[in-house]
Amino acid sequence: MNEAIEDSPEKTLEQQVTENPDFVTVGDITAPDPSMTCRNVDVHYGDKQAIFDVSVDIGRNEVLAMIGPSGCGKSTFLRCLNRMNDTIDICRVAGDIQLEGEDIYGKSMDIVLLRARVGMVFQKPNPFPKSVYDNVAYGVKLHGLSKSKSELDDIVEQSLKRAGLWKEVSDRLDKPGTGLSGGQQQRLCIARAIAISPEVILMDEPCSALDPIATAVIEELIDELRKQYSIAIVTHSMQQAARVSQRTAYFHLGKLVEVGNTDDIFTKPSHGLTEGYITGRFG
């Protein structure tokens, strides 16, 4: 029994990733017109390494889906892109991550402004305990992006329209955002993110807490938003990745195994681990 396990193809493929320090990602890590470039990114939590030498681009006006088994590092990597990991004392990030040619970990980078330029939508909707209007207006006020009340009103309205929420909330802008349904709350959080005109939007399992109808609405919204933004989305749903993304990155045990056009990843993956995950042999 033990010999059979040791000689199994799965074991051999595991070793390619876990035991080979010189493992090279399969596929083209570059995008023709990148908004963000990541090279040789390592992440440590204390003495434990969570991300190993990850390099990948996020292209302008594209959705990059990050997939892989639970605990493979995709959310950890996503949080590197707007320095959310800075909030964890024992977390150390090394490597080079650039936004429009600027080192986001450079000493001159203003973290508050970075997080305005690289917005984030979390797994669970997290509207502020404020009105619908104030949820969307909060970041605009914080960053001084409006010169008048009428301009602020227009930004709020346009953001809610782009998030596909305006018709549902236009008559209750003064009501608490927490009183909306789960799907509406998530769209409110997206409206809040885009109100400050980010260049990149990060989404960490944005539909995992939503029902199928709300999920379909968010997916349609993602497809519309990519016309104006670069989007990186972490998802456990391979079907969702196939529906919303143009490129897909497969992570396994902290390493980026394969990246490429979404159609190719799902129909003719180049690495055995990718194929094993997509066909349901593990993960």
# chains A, B, ... in the order shown; residues from 1 in each chain; ligands from 1
call {"tool": "select_by_dssp", "arguments": {"residues": "range 51-229 of chain A", "states": "helix (DSSP H, G or I)", "output": "JSON, numbers by chain"}}
result
{"A": [74, 75, 76, 77, 78, 79, 80, 84, 85, 86, 87, 111, 112, 113, 114, 115, 116, 117, 132, 133, 134, 135, 136, 137, 138, 139, 140, 141, 142, 149, 150, 151, 152, 153, 154, 155, 156, 157, 158, 159, 160, 161, 162, 166, 167, 168, 169, 177, 178, 179, 182, 183, 184, 185, 186, 187, 188, 189, 190, 191, 192, 193, 194, 212, 213, 214, 215, 216, 217, 218, 219, 220, 221, 222, 223, 224, 225]}
call {"tool": "residues_around", "arguments": {"residues": "range 212-220 of chain A", "least_positions_apart": "2", "cutoff": "10 Å", "atoms": "only C-alpha atoms", "output": "PyMOL selection string"}}
result
chain A and resi 163-164+181-184+186-187+190+206-210+222-225+240-241+243-245
call {"tool": "residues_around", "arguments": {"residues": "range 110-121 of chain A", "least_positions_apart": "3", "cutoff": "10 Å", "atoms": "only C-alpha atoms", "output": "PyMOL selection string"}}
result
chain A and resi 36+78-79+81-84+86+99+104-107+124-126+139-140+142-143+186-187+189-206+229-233
call {"tool": "residues_around", "arguments": {"residues": "Val56 in chain A", "least_positions_apart": "5", "cutoff": "8 Å", "atoms": "only C-alpha atoms", "output": "JSON list (two decimals) with C-alpha atoms, in the first residue's frame"}}
result
[["chain", "number", "residue", "atom", "x", "y", "z"],
["A", 29, "ILE", "CA", 3.21, 35.12, -16.40],
["A", 30, "THR", "CA", 3.15, 38.36, -18.37],
["A", 37, "THR", "CA", 3.57, 43.38, -12.09],
["A", 38, "CYS", "CA", 4.65, 40.95, -9.38],
["A", 39, "ARG", "CA", 8.06, 39.30, -9.43]]
call {"tool": "select_by_dssp", "arguments": {"residues": "range 173-254 of chain A", "states": "strand (DSSP E)", "output": "list in words"}}
result
Val200, Ile201, Leu202, Met203, Asp204, Ser230, Ile231, Ala232, Ile233, Val234, Arg247, Thr248, Ala249, Tyr250, Phe251 and His252 of chain A
